[in-house]
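First comes the structure, then the notes that go with it.
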Amino acid sequence: MFRTNHRGRGFSTAVSGLLITLLACVTTLFAGSGASADTKDEKTLTIAVSQEVDSLSPFLAVRRITTAIGRLSYDFLTNYDPKTGKTIPALAESWSTSEDGLTWTYKIRDTKWTDGQPITAEDARWTFDTMMKDEAAATANGNFVENFETVSAPDPRTLVVKLKAPQATMLALDVPILPKHKWEKVTDFAKFNNDQEFPIVGSGPWIVSAYDVNNSITLTPNKDFWRGAPKFDKLVFRYIDDSDAQVEALKAGEVDFVSGLTPAQATALESADNITVNKAKGKRFQAITLNPGAKLQDGTAFGDGNKALQDPIVREALVRTIDREAIYKTAYGGFGEANGGYIPSRYADYHWQPEGDAVIGFDIAKANSLLDGAGYAKGSDGIRAKGALKLSFRFNVHGDNPQYIQAAEMMREWAKEAGIELKVEPVSEVGALLDAGTYDILTTGWSVNPDPDYILGINRCSGLPAKVGGPYLSDAYYCNPEYDKLYAAQLAELDPAKRAGIVKQMEEILYKDNVFVVWGYADQLEAFRSDTIGSMQPQPDPGGNYDSQDGYWSWWSATPAGEDSGAASGDDGGSNSGLLVGGGAVVLAALAAGLVLMRRRGGATADDRE
Amino acid sequence: MTELPPSDVVPHLDEVRDRVAAPENPTDARRDGGCLRRNTAYIGQRLLGAATSLVAVIFTSFFLFRIIPGDPVRVMTHGRPVSVEQKEALTREFGLDKPLLEQFGHYLLGVLRLDFGESFQYNRPVLSMVGDRLWPTLLLVGASLIVSAALGLWLGVQGAWRHGSTADRVNTGVALTLWSVPSFWLGLILIVVFGSGLGWFPTSGMKTPGVEGFDAVLDVAHHMVLPLVTLVAVVYAQYLLVMRSSLLDEMGSDYLTTARAKGLRDAEVKRQHAVPNALLPTTTLLFINIGFVLFGAVLVETVFSWPGLGKLFYEGLSVPDLPLVQGLFVIFSSAVILMNLVSDLIYPLIDPRVRP
């Protein structure tokens with residue numbers, strides 16, 4: 001009896017001992033591995049990303065993360081100046097246009113692919129030509145070549161593009177030029193993801209040299225890049241799904257840059273050590289669209305939108321109840337600019353905003369008088385109506401966007417004062433409602449490129465769907481022949497100043513029609529570790545962003561923080577390891593004490609019972 | 001499963017085994033033949049049940065995800081400069097322009113060949129994507145299963161044996177509290193405290209980019225601590241409670257009194273007599289949970305950016321990436337069906353009372 005008891009206790013002590021030794025070993029090893037990772041001399045710039053790679057083939061890549069990587073690893077014909085956003089030379093050193101605007105000639109820069117082969121006009125010709133002929137190769141950027149008649153390369157330095165009709169966007173062809181000698185071997189572009197052979201041959205400032213699915217993408221500098229080599233030794237895009245986890249990783253120094261912060265996160269990070277928060281002017285507008293009566297291209301009406309919204313006076317009255325300033329102050333925590341212009345103010349050349357009497361601003365008294373004048377009388381429930389037309393609207397809001405929801409709730413309160421009822425309904429997906437035309441008001445937001453052609457083009461009458469549920473690019477069912485005429489004029493206008501004038505007229509028309517109602521532009525909130533990154537080029541400069549630039553400026557220009565901070569980060573590693581070991585020891589001691597006590601007590605109880 | 005008699009009249013396992021082994025019929029050969037027939041019928045029944053469930057899952061999977069609102073082409077192209085032609089080309093490429101029944105036929109033929117098609121978003125065969133993420137999930141969720149089962153069962157035994165004691169009340173209370181905590185919330189708290197706060201563990205991910213060799217193994221283990229603790233913390237209560245109640249049921253049994261009367265020590269009575277019998281119900285629980293291993297832990301994988309299947313499913317749903325979610329649903333469900341089948345087949349082997 002006694003012997004059994006003794007053996008049992010000895011066994012448990014041995015097990016606890018073994019466990020503790022094992023844990024101690026593992027903890028020490030962790031500390032070791034942590035320290036070794038920190039003491040590397042390489043300067044690494046780590047960016048937190050949440051999107052996964054869809055494809056590393058520029059023919060297929062459509063996500064922000066992969067188009068950004070395409071930007072870094074392949075040069076385009078032209079680029080956008082980081083300060084002003086104006087077109088500047090890149091792979092094309094210079095260009096010229098024929099009188100009729102139908103023939104564009106680009107002079108290709110004499111430089112090399114990262115495998116040492118020369119870059120020629122033939123590479124560019126092959127890239128565009130493949131996109132024109134192969135549907136799969138047109139997946140991502142086919143829209144750029146739809147108006148191309150032919151592409152040719154009469155000599156290695158000259159690329160000639162003949163167009164079907166003049167187009168002003170020939171200096172905004174955001175298409176990665178690919179090395180023909182590598183890509184012509186590909187048999188099926190729909191299946192080729194460009195992720196088997198590393199490093200990937202490219203021509204940009206960074207070379208994609210490793211891709212660990214769902215963990216990280218590693219880029220190394222192109223030392224021979226014609227604009228100059230990047231300063232960091234490595235650029236790593238690291239997956240961290242959750243936005244709050246990204247912030248914690250930034251605080252822990254595991255990543256050096258995070259983007260897409262919420263106002264609350266940005267405010268909290270402002271007081272953190274060694275972290276700089278960047279509030280950049282937004283590329284994106286936030287808006288609502290008022291259903292003006294969904295129609296097909298042939299004019300057939302569909303859906304069940306409230307017909308009252310087809311009355312311009314009702315639309316204006318509703319817009320008069322929106323306090324844009326209050327939305328950005330409250331819902332966006334002050335990080336944003338209230339502005340009714342369709343193209344964000346960061347694009348100074350094309351931005352238009354109403355002045356003086358043209359402003360359709362916050363004025364509930366005016367809204368009430370407009371509706372009174374138009375014969376919409378308040379009923380017993382306080383909601384206005386004229387005959388069968390009741391000013392009660394469904395307001396479908398993106399349920400995953402807390403700012404939209406808050407703004408919608410604010411709008412509901414204001415509208416009530418004008419006798420308009422807004423029934424705010426957050427939904428997971430507005431697309432289905434939009435396609436069926438079964439909505440009254442929707443929230444929306446679009447990211448705007450430096451060239452405004454696309455964002456203007458989506459609101460043409462010819463952009464309306466051909467059949468119910470058919471592809472539709474916009475989300476407003478807007479159609480105004482006058483706007484369409486100006487759209488065609490701006491596309492054919494090759495003089496930038498004149499073109500900008502036409503674009504502004506279009507924005508004015510859009511503003512007056514009150515179908516696409518822009519609230520303004522939320523700031524793009526980013527944060528980075530100032531003990532890793534010394535300086536970076538924002539776009540535009542000043543007041544610009546670092547992430548998702550039009551160009552490769554930020555990561556290309558980023559310089560490591562001074563040598564002092566380098567040493568400091570080494571110390572951090574040491575103290576972290578120390579903490580780890582110390583913490584581990586405490587936990588182990590507690591565990592050991594607990595185990596021994598428990599065993600003791602267990603033994604004693606067993607003895608007592610006997 | 002045959003209905004079990006109340007536990008207090010159930011004789012000791014050994015006695016049951018003896019009784020079953022005793023010849024019921026005069027001739028052994030005839031008895032064996034009957035037993036074989038019964039066994040075959042039992043196994044056949046289980047296999048048929050599993051096959052029926054599988055077919056139901058395959059059919060459901062196709063229609064279930066088509067009920068979700070959302071047009072994959074619209075979601076995938078939203079906010080990008082695409083033309084109507086590009087959108088139409090995508091719809092054709094995905095086969096979404098075809099009639100629903102034709103799409104269903106195509107899907108069925110694919111499933112028969114174990115081909116779930118290509119993911120809309122990633123241009124890759126669904127099976128190869130599953131292959132990429134299977135190991136991270138198996139590692140994390142498998143480890144959490146082992147740890148939580150071991151911890152839960154051990155605490156359950158301790159709790160039942162000394163039920164009502166302070167230790168029992170505290171353990172059960174803590175386990176129940178943790179069980180009710182949302183896993184993503186607990187995960188975030190752990191990240192804030194032990195990740196960015198104390199700096200003991202990495203905040204997320206599975207690997208530090210650039211770490212190789214043996215260091216990489218440690219690196220993964222280091223990254224795994226917080227998600228593992230989260231998963232164990234919210235799950236081990238299941239085992240604890242099942243084990244505790246099942247052992248409590250056994251504790252009043254006569255055979256334990258007999259065992260004590262034979263002069264066995266308390267620990268031996270517990271270890272050799274009570275626990276083996278009480279373990280039976282936990283077997284089913286364990287197998288069901290093994291089936292769910294593949295499904296991973298969607299929320300925990302997402303909070304910790306653990307590159308597993310759960311996270312893949314979550315990403316697929318947001319589009320919806322139909323081939324991906326259909327394939328994953330069938331694979332997840334098959335695993336559960338298979339493990340249930342295994343549990344049904346194994347149970348009679350370890351518990352003679354339910355032998356056919």
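Identifiers in this document derive from the order of the structure tokens: chains are assigned A, B, ..., residues are numbered from 1 separately in each chain, and ligands are numbered from 1 in order of occurrence.
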_I'd like the neighbourhood of A:Glu122 as a PyMOL selection string, where a residue qualifies if any of its atoms comes within 7 Å (using only C-alpha atoms), though same-chain residues fewer than 2 positions away should be ignored._
chain A and resi 120+124-126+153+156
_Only residues of chain A matter here; which ones have an atom within 6 Å of chain B, counting only C-alpha atoms? Give them as a PyMOL selection string._
chain A and resi 33+54+143+214+240-242+248-249+251-252+432+446+471+580+606
For the residues in the current selection, export C-alpha atoms as a short mmCIF file (atom, residue, chain, number, x, y, z; two decimals), in the first residue's frame.
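result-v4.cif was written with the following content:
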```cif
data_model
loop_
_atom_site.label_atom_id
_atom_site.label_comp_id
_atom_site.auth_asym_id
_atom_site.auth_seq_id
_atom_site.Cartn_x
_atom_site.Cartn_y
_atom_site.Cartn_z
CA SER A 33 14.95 32.44 -32.34
CA ASP A 54 -5.75 36.41 -56.30
CA ASN A 143 -10.82 47.96 -70.85
CA ASN A 214 -1.30 33.30 -47.03
CA ILE A 240 -2.92 39.99 -40.98
CA ASP A 241 -6.63 39.65 -41.54
CA ASP A 242 -8.13 41.49 -38.69
CA GLU A 248 -1.47 45.33 -32.34
CA ALA A 249 1.19 43.97 -34.71
CA LYS A 251 2.51 48.33 -31.76
CA ALA A 252 4.55 45.14 -31.23
CA ALA A 432 -28.89 42.28 -55.54
CA TRP A 446 -15.97 54.80 -55.32
CA PRO A 471 -23.94 43.74 -66.12
CA LEU A 580 9.99 36.23 -22.70
CA ALA A 606 -6.41 9.23 -1.00
#
```
*Please provide the set of residues having any atom within 9 Å of stretch 323-330 of chain A, restricted to only C-alpha atoms, with same-chain residues fewer than 6 positions apart removed, written as number ranges by chain.*
A: 336-340, 361-363, 403, 406-407, 410-411, 414, 518-522
Could you please take those selected residues and save N, CA and C atoms as a JSON list (two decimals), in the first residue's frame?
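Written output follows (selection_14.json):
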```
[["chain", "number", "residue", "atom", "x", "y", "z"],
["A", 336, "GLY", "N", -12.04, 63.72, -42.38],
["A", 336, "GLY", "CA", -12.62, 63.72, -43.71],
["A", 336, "GLY", "C", -13.03, 65.12, -44.12],
["A", 337, "GLU", "N", -13.39, 65.26, -45.38],
["A", 337, "GLU", "CA", -13.73, 66.57, -45.92],
["A", 337, "GLU", "C", -15.13, 66.52, -46.50],
["A", 338, "ALA", "N", -16.04, 67.35, -45.99],
["A", 338, "ALA", "CA", -17.38, 67.42, -46.55],
["A", 338, "ALA", "C", -17.31, 68.16, -47.87],
["A", 339, "ASN", "N", -17.82, 67.55, -48.95],
["A", 339, "ASN", "CA", -17.69, 68.17, -50.26],
["A", 339, "ASN", "C", -18.63, 67.47, -51.22],
["A", 340, "GLY", "N", -19.41, 68.24, -51.96],
["A", 340, "GLY", "CA", -20.38, 67.63, -52.86],
["A", 340, "GLY", "C", -19.83, 67.29, -54.24],
["A", 361, "GLY", "N", -27.11, 73.09, -50.07],
["A", 361, "GLY", "CA", -26.59, 72.77, -48.73],
["A", 361, "GLY", "C", -27.66, 72.42, -47.72],
["A", 362, "PHE", "N", -27.23, 72.21, -46.50],
["A", 362, "PHE", "CA", -28.09, 71.81, -45.39],
["A", 362, "PHE", "C", -29.02, 72.96, -45.02],
["A", 363, "ASP", "N", -30.31, 72.79, -45.25],
["A", 363, "ASP", "CA", -31.27, 73.85, -44.97],
["A", 363, "ASP", "C", -32.66, 73.22, -44.86],
["A", 403, "GLN", "N", -19.48, 53.56, -40.35],
["A", 403, "GLN", "CA", -19.62, 54.99, -40.63],
["A", 403, "GLN", "C", -20.88, 55.27, -41.45],
["A", 406, "GLN", "N", -23.90, 54.98, -39.20],
["A", 406, "GLN", "CA", -24.08, 56.15, -38.32],
["A", 406, "GLN", "C", -24.58, 57.36, -39.11],
["A", 407, "ALA", "N", -23.99, 57.57, -40.28],
["A", 407, "ALA", "CA", -24.42, 58.70, -41.11],
["A", 407, "ALA", "C", -25.88, 58.53, -41.51],
["A", 410, "MET", "N", -28.12, 59.52, -38.76],
["A", 410, "MET", "CA", -28.18, 60.98, -38.63],
["A", 410, "MET", "C", -29.13, 61.56, -39.69],
["A", 411, "MET", "N", -29.00, 61.02, -40.92],
["A", 411, "MET", "CA", -29.84, 61.52, -42.00],
["A", 411, "MET", "C", -31.32, 61.26, -41.73],
["A", 414, "TRP", "N", -32.64, 64.01, -39.52],
["A", 414, "TRP", "CA", -32.80, 65.29, -40.22],
["A", 414, "TRP", "C", -34.00, 65.25, -41.15],
["A", 518, "VAL", "N", -22.94, 63.08, -53.44],
["A", 518, "VAL", "CA", -21.67, 62.85, -52.75],
["A", 518, "VAL", "C", -21.68, 63.59, -51.41],
["A", 519, "TRP", "N", -21.24, 62.90, -50.34],
["A", 519, "TRP", "CA", -21.11, 63.56, -49.02],
["A", 519, "TRP", "C", -19.75, 64.26, -48.92],
["A", 520, "GLY", "N", -18.72, 63.57, -49.42],
["A", 520, "GLY", "CA", -17.37, 64.10, -49.29],
["A", 520, "GLY", "C", -16.36, 63.00, -49.34],
["A", 521, "TYR", "N", -15.17, 63.25, -48.77],
["A", 521, "TYR", "CA", -14.07, 62.31, -48.91],
["A", 521, "TYR", "C", -13.46, 62.01, -47.54],
["A", 522, "ALA", "N", -13.64, 60.78, -47.08],
["A", 522, "ALA", "CA", -13.04, 60.40, -45.79],
["A", 522, "ALA", "C", -11.53, 60.32, -45.96]]
```
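Residue-level DSSP output for stretch 362-424 of chain A, from the backbone, shows strand (DSSP E or B) at Ala377, Lys378, Arg384, Ala385, Lys386, Leu389, Lys390, Ser392, Phe393, Arg394, Phe395, Asn396, Val397, His398, Glu421, Leu422, Lys423 and Val424 of chain A.
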Save the residues we just selected, C-alpha atoms, as a short mmCIF file (atom, residue, chain, number, x, y, z; two decimals), in the first residue's frame?
```
data_model
loop_
_atom_site.label_atom_id
_atom_site.label_comp_id
_atom_site.auth_asym_id
_atom_site.auth_seq_id
_atom_site.Cartn_x
_atom_site.Cartn_y
_atom_site.Cartn_z
CA ALA A 377 -48.54 67.87 -47.37
CA LYS A 378 -47.82 66.38 -43.97
CA ARG A 384 -45.55 64.15 -46.34
CA ALA A 385 -47.55 62.79 -49.25
CA LYS A 386 -49.07 63.92 -52.53
CA LEU A 389 -46.82 59.40 -53.49
CA LYS A 390 -45.67 59.13 -49.88
CA SER A 392 -41.29 57.28 -47.10
CA PHE A 393 -38.11 55.71 -48.45
CA ARG A 394 -36.17 52.53 -47.89
CA PHE A 395 -32.56 53.41 -47.16
CA ASN A 396 -30.29 50.37 -47.66
CA VAL A 397 -26.91 50.76 -46.03
CA HIS A 398 -23.81 48.57 -46.30
CA GLU A 421 -39.33 59.14 -43.55
CA LEU A 422 -36.09 57.21 -44.11
CA LYS A 423 -36.28 53.54 -43.15
CA VAL A 424 -32.65 52.66 -42.53
#
```
*May I have all residues of stretch 53-129 of chain A that DSSP, computed from the backbone, assigns to alpha helix (DSSP H), given as a PyMOL selection string?*
chain A and resi 64-73+121-129
*Go through A:Ala165, A:Ala527, A:Ile322, A:Leu56 and flag the residue nearest A:Gly202, using only C-alpha atoms for the distances.*
A:Leu56
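The two atoms in question, atom CA of A:Pro292 and atom CA of A:Arg499, are spaced 28.4 Å apart.
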*Please provide the set of residues having any atom within 10 Å of B:Ala143, restricted to only C-alpha atoms, with same-chain residues fewer than 6 positions apart removed, written as a PyMOL selection string.*
chain B and resi 137+149+224+228+231-232+293
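Atom to atom, atom CA of A:Lys498 and atom CA of A:Asp75 stand 29.1 Å apart.
With only C-alpha atoms as the basis for measurement, B:Leu153 is the residue among B:Leu328, B:Leu47, B:Leu299, B:Leu153 that approaches B:Leu247 most closely.
Between atom CA of A:Pro450 and atom CA of A:Gly85 there is a distance of 6.7 Å.
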*Skipping near chain neighbours, those fewer than 6 positions away, what residues fall within 8 Å of A:Ala121 using only C-alpha atoms, listed as a PyMOL selection string?*
chain A and resi 108+153+155-159
Dump N, CA and C atoms for the selected residues as a short mmCIF file (atom, residue, chain, number, x, y, z; two decimals), in the first residue's frame?
```cif
data_model
loop_
_atom_site.label_atom_id
_atom_site.label_comp_id
_atom_site.auth_asym_id
_atom_site.auth_seq_id
_atom_site.Cartn_x
_atom_site.Cartn_y
_atom_site.Cartn_z
N ILE A 108 10.40 53.99 -76.39
CA ILE A 108 10.63 53.11 -75.24
C ILE A 108 12.05 53.29 -74.69
N ALA A 153 5.38 47.52 -83.42
CA ALA A 153 6.70 47.93 -82.93
C ALA A 153 7.65 47.95 -84.12
N ASP A 155 10.42 49.41 -84.63
CA ASP A 155 11.81 49.16 -84.23
C ASP A 155 11.84 48.98 -82.72
N PRO A 156 12.98 48.50 -82.18
CA PRO A 156 13.00 48.13 -80.75
C PRO A 156 12.69 49.28 -79.80
N ARG A 157 12.79 50.53 -80.28
CA ARG A 157 12.55 51.65 -79.38
C ARG A 157 11.21 52.35 -79.65
N THR A 158 10.46 51.90 -80.64
CA THR A 158 9.25 52.62 -81.01
C THR A 158 8.00 51.74 -80.93
N LEU A 159 7.01 52.25 -80.22
CA LEU A 159 5.73 51.55 -80.11
C LEU A 159 4.66 52.44 -80.72
#
```
*asked:* My list of candidates is A:Val247, A:Val258, A:Met170, A:Leu309. Which is closest to A:Ala272 when distances are computed with only C-alpha atoms?
replied: A:Val247
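Compared by their closest atoms to A:Phe302, and using only C-alpha atoms, the residues A:Thr321, A:Thr438, A:Gln505, A:Ser96 rank with A:Thr438 nearest.
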